[in-house]
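Pasted below: structure-v2.txt, compact mmCIF, N, CA and C atoms.
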# COMPACT_ATOMS: atom_id res chain seq x y z
N CYS I 1 -7.98 22.90 43.54
CA CYS I 1 -7.39 24.21 43.33
C CYS I 1 -8.49 25.22 43.08
N GLY I 2 -8.45 26.32 43.81
CA GLY I 2 -9.45 27.37 43.63
C GLY I 2 -8.99 28.36 42.57
N SER I 3 -9.90 29.19 42.12
CA SER I 3 -9.59 30.17 41.09
C SER I 3 -8.81 31.36 41.65
N GLY I 4 -8.83 31.56 42.97
CA GLY I 4 -8.07 32.66 43.56
C GLY I 4 -8.86 33.95 43.67
N LEU I 5 -9.72 34.23 42.72
CA LEU I 5 -10.52 35.45 42.74
C LEU I 5 -11.99 35.10 42.76
N SER I 6 -12.76 35.91 43.44
CA SER I 6 -14.20 35.70 43.41
C SER I 6 -14.88 37.05 43.41
N VAL I 7 -16.08 37.07 42.90
CA VAL I 7 -16.87 38.29 42.85
C VAL I 7 -18.04 38.12 43.79
N SER I 8 -18.23 39.08 44.66
CA SER I 8 -19.34 39.01 45.59
C SER I 8 -20.59 39.57 44.93
N ASP I 9 -21.71 38.90 45.15
CA ASP I 9 -22.98 39.37 44.61
C ASP I 9 -23.67 40.32 45.60
N ARG I 10 -23.03 40.59 46.70
CA ARG I 10 -23.63 41.46 47.71
C ARG I 10 -23.72 42.89 47.19
N THR I 11 -24.88 43.50 47.35
CA THR I 11 -25.05 44.89 46.95
C THR I 11 -25.32 45.71 48.19
N GLU I 12 -24.85 46.94 48.18
CA GLU I 12 -25.07 47.82 49.31
C GLU I 12 -26.28 48.69 49.05
N SER I 13 -27.10 48.85 50.06
CA SER I 13 -28.27 49.71 49.93
C SER I 13 -27.90 51.11 50.36
N ASN I 14 -28.25 52.09 49.55
CA ASN I 14 -28.04 53.48 49.89
C ASN I 14 -29.37 54.14 50.23
N GLU I 15 -30.37 53.34 50.59
CA GLU I 15 -31.69 53.87 50.90
C GLU I 15 -31.64 54.64 52.21
N ILE I 16 -32.19 55.85 52.17
CA ILE I 16 -32.24 56.72 53.33
C ILE I 16 -33.69 56.82 53.79
N GLU I 17 -33.92 56.67 55.09
CA GLU I 17 -35.25 56.84 55.65
C GLU I 17 -35.23 58.01 56.62
N LEU I 18 -36.30 58.79 56.60
CA LEU I 18 -36.47 59.94 57.50
C LEU I 18 -37.64 59.66 58.42
N TYR I 19 -37.50 60.01 59.68
CA TYR I 19 -38.63 59.85 60.60
C TYR I 19 -38.46 60.79 61.78
N PRO I 20 -39.51 61.23 62.43
CA PRO I 20 -40.89 61.05 61.99
C PRO I 20 -41.20 61.95 60.80
N ASN I 21 -42.04 61.50 59.95
CA ASN I 21 -42.46 62.27 58.77
C ASN I 21 -43.90 61.89 58.45
N PRO I 22 -44.86 62.76 58.73
CA PRO I 22 -44.79 64.15 59.13
C PRO I 22 -44.12 64.31 60.50
N ASN I 23 -43.52 65.49 60.69
CA ASN I 23 -42.72 65.76 61.87
C ASN I 23 -43.29 66.93 62.65
N ASN I 24 -43.39 66.78 63.97
CA ASN I 24 -43.81 67.89 64.81
C ASN I 24 -42.82 68.09 65.96
N SER I 25 -41.57 67.70 65.73
CA SER I 25 -40.54 67.87 66.75
C SER I 25 -39.41 68.74 66.19
N ASP I 26 -38.39 68.96 67.00
CA ASP I 26 -37.26 69.79 66.59
C ASP I 26 -36.17 69.01 65.88
N ARG I 27 -36.29 67.70 65.81
CA ARG I 27 -35.25 66.86 65.21
C ARG I 27 -35.86 65.96 64.14
N LEU I 28 -35.10 65.76 63.09
CA LEU I 28 -35.45 64.81 62.04
C LEU I 28 -34.41 63.70 62.11
N ASN I 29 -34.85 62.48 62.30
CA ASN I 29 -33.95 61.34 62.43
C ASN I 29 -33.75 60.65 61.09
N PHE I 30 -32.58 60.09 60.91
CA PHE I 30 -32.22 59.40 59.68
C PHE I 30 -31.86 57.97 59.97
N THR I 31 -32.25 57.08 59.08
CA THR I 31 -31.72 55.73 59.04
C THR I 31 -30.93 55.67 57.75
N ASN I 32 -29.62 55.67 57.86
CA ASN I 32 -28.76 55.70 56.70
C ASN I 32 -27.55 54.79 56.93
N PRO I 33 -27.20 53.99 55.93
CA PRO I 33 -26.09 53.05 56.09
C PRO I 33 -24.71 53.70 56.01
N LYS I 34 -24.65 54.93 55.52
CA LYS I 34 -23.39 55.66 55.38
C LYS I 34 -23.63 57.11 55.77
N PRO I 35 -22.58 57.85 56.13
CA PRO I 35 -22.77 59.29 56.34
C PRO I 35 -23.33 59.94 55.08
N VAL I 36 -24.18 60.95 55.28
CA VAL I 36 -24.80 61.65 54.16
C VAL I 36 -24.65 63.16 54.37
N VAL I 37 -24.84 63.91 53.31
CA VAL I 37 -24.86 65.36 53.38
C VAL I 37 -26.26 65.80 52.99
N VAL I 38 -26.89 66.64 53.83
CA VAL I 38 -28.28 67.02 53.67
C VAL I 38 -28.41 68.54 53.57
N SER I 39 -29.22 69.00 52.61
CA SER I 39 -29.64 70.40 52.52
C SER I 39 -31.16 70.41 52.51
N VAL I 40 -31.76 71.48 53.05
CA VAL I 40 -33.22 71.58 53.10
C VAL I 40 -33.65 72.82 52.33
N TYR I 41 -34.66 72.63 51.47
CA TYR I 41 -35.20 73.69 50.62
C TYR I 41 -36.70 73.82 50.84
N ASP I 42 -37.21 75.05 50.65
CA ASP I 42 -38.67 75.20 50.65
C ASP I 42 -39.17 74.90 49.24
N THR I 43 -40.47 74.97 49.05
CA THR I 43 -41.03 74.60 47.74
C THR I 43 -40.73 75.63 46.65
N ARG I 44 -40.18 76.77 47.03
CA ARG I 44 -39.76 77.78 46.05
C ARG I 44 -38.29 77.63 45.67
N GLY I 45 -37.62 76.64 46.27
CA GLY I 45 -36.22 76.39 45.96
C GLY I 45 -35.23 77.16 46.80
N ARG I 46 -35.71 77.85 47.83
CA ARG I 46 -34.80 78.59 48.71
C ARG I 46 -34.14 77.63 49.68
N ASN I 47 -32.82 77.76 49.80
CA ASN I 47 -32.05 76.90 50.70
C ASN I 47 -32.21 77.41 52.13
N LEU I 48 -32.86 76.60 52.98
CA LEU I 48 -33.13 76.99 54.36
C LEU I 48 -32.14 76.42 55.36
N ILE I 49 -31.62 75.25 55.07
CA ILE I 49 -30.58 74.64 55.91
C ILE I 49 -29.44 74.27 54.98
N LEU I 50 -28.29 74.92 55.20
CA LEU I 50 -27.11 74.68 54.37
C LEU I 50 -26.64 73.24 54.52
N PRO I 51 -25.85 72.74 53.56
CA PRO I 51 -25.41 71.35 53.63
C PRO I 51 -24.77 71.00 54.98
N GLN I 52 -25.26 69.91 55.56
CA GLN I 52 -24.74 69.41 56.83
C GLN I 52 -24.48 67.92 56.71
N LYS I 53 -23.36 67.50 57.28
CA LYS I 53 -23.04 66.07 57.28
C LYS I 53 -23.79 65.39 58.42
N ILE I 54 -24.48 64.31 58.10
CA ILE I 54 -25.22 63.52 59.07
C ILE I 54 -24.53 62.16 59.16
N GLN I 55 -24.12 61.81 60.36
CA GLN I 55 -23.47 60.52 60.56
C GLN I 55 -24.49 59.38 60.43
N VAL I 56 -24.02 58.16 60.40
CA VAL I 56 -24.89 56.99 60.29
C VAL I 56 -25.94 57.04 61.40
N ASN I 57 -27.20 56.93 61.00
CA ASN I 57 -28.35 56.95 61.92
C ASN I 57 -28.34 58.19 62.82
N GLY I 58 -28.00 59.33 62.25
CA GLY I 58 -27.95 60.59 62.98
C GLY I 58 -29.25 61.36 62.88
N SER I 59 -29.18 62.64 63.25
CA SER I 59 -30.37 63.48 63.21
C SER I 59 -29.99 64.90 62.79
N LEU I 60 -31.01 65.67 62.40
CA LEU I 60 -30.84 67.04 61.93
C LEU I 60 -31.75 67.95 62.73
N ASP I 61 -31.23 69.09 63.16
CA ASP I 61 -32.03 70.09 63.87
C ASP I 61 -32.90 70.83 62.87
N ILE I 62 -34.22 70.69 63.00
CA ILE I 62 -35.15 71.38 62.11
C ILE I 62 -36.03 72.35 62.89
N SER I 63 -35.55 72.78 64.05
CA SER I 63 -36.35 73.64 64.92
C SER I 63 -36.69 74.98 64.27
N GLY I 64 -35.93 75.40 63.28
CA GLY I 64 -36.19 76.67 62.62
C GLY I 64 -37.21 76.60 61.50
N LEU I 65 -37.71 75.40 61.20
CA LEU I 65 -38.68 75.25 60.12
C LEU I 65 -40.10 75.40 60.64
N LYS I 66 -40.90 76.17 59.91
CA LYS I 66 -42.31 76.33 60.25
C LYS I 66 -43.12 75.23 59.59
N SER I 67 -44.40 75.14 59.93
CA SER I 67 -45.26 74.15 59.30
C SER I 67 -45.23 74.32 57.79
N GLY I 68 -45.15 73.20 57.08
CA GLY I 68 -45.13 73.24 55.63
C GLY I 68 -44.45 72.02 55.03
N VAL I 69 -44.27 72.07 53.73
CA VAL I 69 -43.63 70.99 52.98
C VAL I 69 -42.25 71.46 52.55
N TYR I 70 -41.27 70.60 52.74
CA TYR I 70 -39.88 70.91 52.41
C TYR I 70 -39.28 69.78 51.58
N LEU I 71 -38.26 70.13 50.83
CA LEU I 71 -37.52 69.13 50.05
C LEU I 71 -36.12 69.01 50.63
N LEU I 72 -35.70 67.79 50.82
CA LEU I 72 -34.36 67.52 51.31
C LEU I 72 -33.53 66.95 50.18
N SER I 73 -32.38 67.53 49.97
CA SER I 73 -31.41 67.00 49.02
C SER I 73 -30.42 66.20 49.84
N VAL I 74 -30.38 64.89 49.63
CA VAL I 74 -29.55 63.99 50.43
C VAL I 74 -28.49 63.38 49.51
N TRP I 75 -27.24 63.65 49.82
CA TRP I 75 -26.12 63.11 49.04
C TRP I 75 -25.47 61.95 49.78
N VAL I 76 -25.38 60.81 49.06
CA VAL I 76 -24.63 59.65 49.54
C VAL I 76 -23.51 59.47 48.52
N GLY I 77 -22.32 59.94 48.86
CA GLY I 77 -21.24 59.93 47.89
C GLY I 77 -21.59 60.84 46.73
N ASP I 78 -21.59 60.31 45.52
CA ASP I 78 -21.92 61.09 44.32
C ASP I 78 -23.37 60.97 43.91
N THR I 79 -24.18 60.29 44.71
CA THR I 79 -25.58 60.05 44.37
C THR I 79 -26.48 60.94 45.21
N ARG I 80 -27.40 61.63 44.53
CA ARG I 80 -28.33 62.50 45.25
C ARG I 80 -29.72 61.88 45.25
N GLN I 81 -30.38 61.96 46.40
CA GLN I 81 -31.77 61.57 46.53
C GLN I 81 -32.53 62.79 47.01
N THR I 82 -33.75 62.94 46.54
CA THR I 82 -34.61 64.02 47.01
C THR I 82 -35.73 63.41 47.82
N LYS I 83 -35.90 63.93 49.04
CA LYS I 83 -36.93 63.43 49.94
C LYS I 83 -37.87 64.58 50.30
N ARG I 84 -39.11 64.25 50.56
CA ARG I 84 -40.10 65.25 50.98
C ARG I 84 -40.30 65.14 52.48
N LEU I 85 -40.34 66.31 53.13
CA LEU I 85 -40.57 66.37 54.57
C LEU I 85 -41.76 67.27 54.84
N ILE I 86 -42.65 66.80 55.69
CA ILE I 86 -43.81 67.60 56.12
C ILE I 86 -43.59 67.95 57.58
N VAL I 87 -43.60 69.27 57.87
CA VAL I 87 -43.45 69.74 59.25
C VAL I 87 -44.81 70.24 59.72
N GLN I 88 -45.22 69.78 60.88
CA GLN I 88 -46.49 70.19 61.49
C GLN I 88 -46.18 70.76 62.87
N GLU I 89 -46.90 71.82 63.23
CA GLU I 89 -46.71 72.40 64.57
C GLU I 89 -47.72 71.81 65.53

What would you get if you wrote out this structure as structure tokens?
Amino acid sequence: CGSGLSVSDRTESNEIELYPNPNNSDRLNFTNPKPVVVSVYDTRGRNLILPQKIQVNGSLDISGLKSGVYLLSVWVGDTRQTKRLIVQE
């Protein structure tokens, strides 16, 4: 006779990867296990790209960004991650 209930030890990874980084193209690619919401800020905190939903393993148009360092606010559900992006021309 089994206990009927079991608990899985499997954990889900919410790790987001960005590539290429440094970037010299018009698109930033994501490796993400779930859809995410991304905003892009400059180092002064100005919001340059408003929140956009990125599907699993999707990409973001960054053609409007000039060379420099940017911060990405990446939301996976209720969890926020901050990533650094370097854009090179």

Using backbone DSSP assignments, extract all strand (DSSP E) residues from range 1-79 of chain I; output them as JSON, numbers by chain.
{"I": [17, 18, 19, 27, 28, 29, 30, 31, 36, 37, 38, 39, 40, 41, 42, 47, 48, 49, 50, 51, 52, 53, 54, 59, 60, 61, 68, 69, 70, 71, 72, 73, 74, 75, 76, 79]}

Spatial neighbours of Arg27 in chain I, max dist 12 Å, only C-alpha atoms, sep filter under 5 positions, as an MDAnalysis selection string:
chainID I and resid 18:22 58:65 85 87

Contacts of Gln55 in chain I at 8 Å (all atoms listed in the file; same-chain gap of 3+ positions) as a list of chain:residue names
I:Phe30, I:Thr31, I:Asn32, I:Pro33, I:Lys34, I:Pro35, I:Val36, I:Val37, I:Gln52, I:Gly58, I:Ser59

Grab the atom N of Thr43 in chain I to atom C of Thr79 in chain I distance for me, in Å with one decimal place.
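Atom-to-atom, atom N of Thr43 in chain I to atom C of Thr79 in chain I, that is 20.2 Å.
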
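Relative to atom N of Ile49 in chain I, atom N of Gly77 in chain I is found at 19.0 Å.
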
Could you tell me how far CA of Pro51 in chain I lies from atom C of Glu89 in chain I, in Å and to one decimal?
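Taking CA of Pro51 in chain I and atom C of Glu89 in chain I, their separation equals 25.3 Å.
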
Which of I:Val74, I:Leu28, I:Ile54, I:Val69 sits closest to Ile86 in chain I [using all atoms listed in the file]:
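Closest residue, counting all atoms listed in the file: I:Val69.
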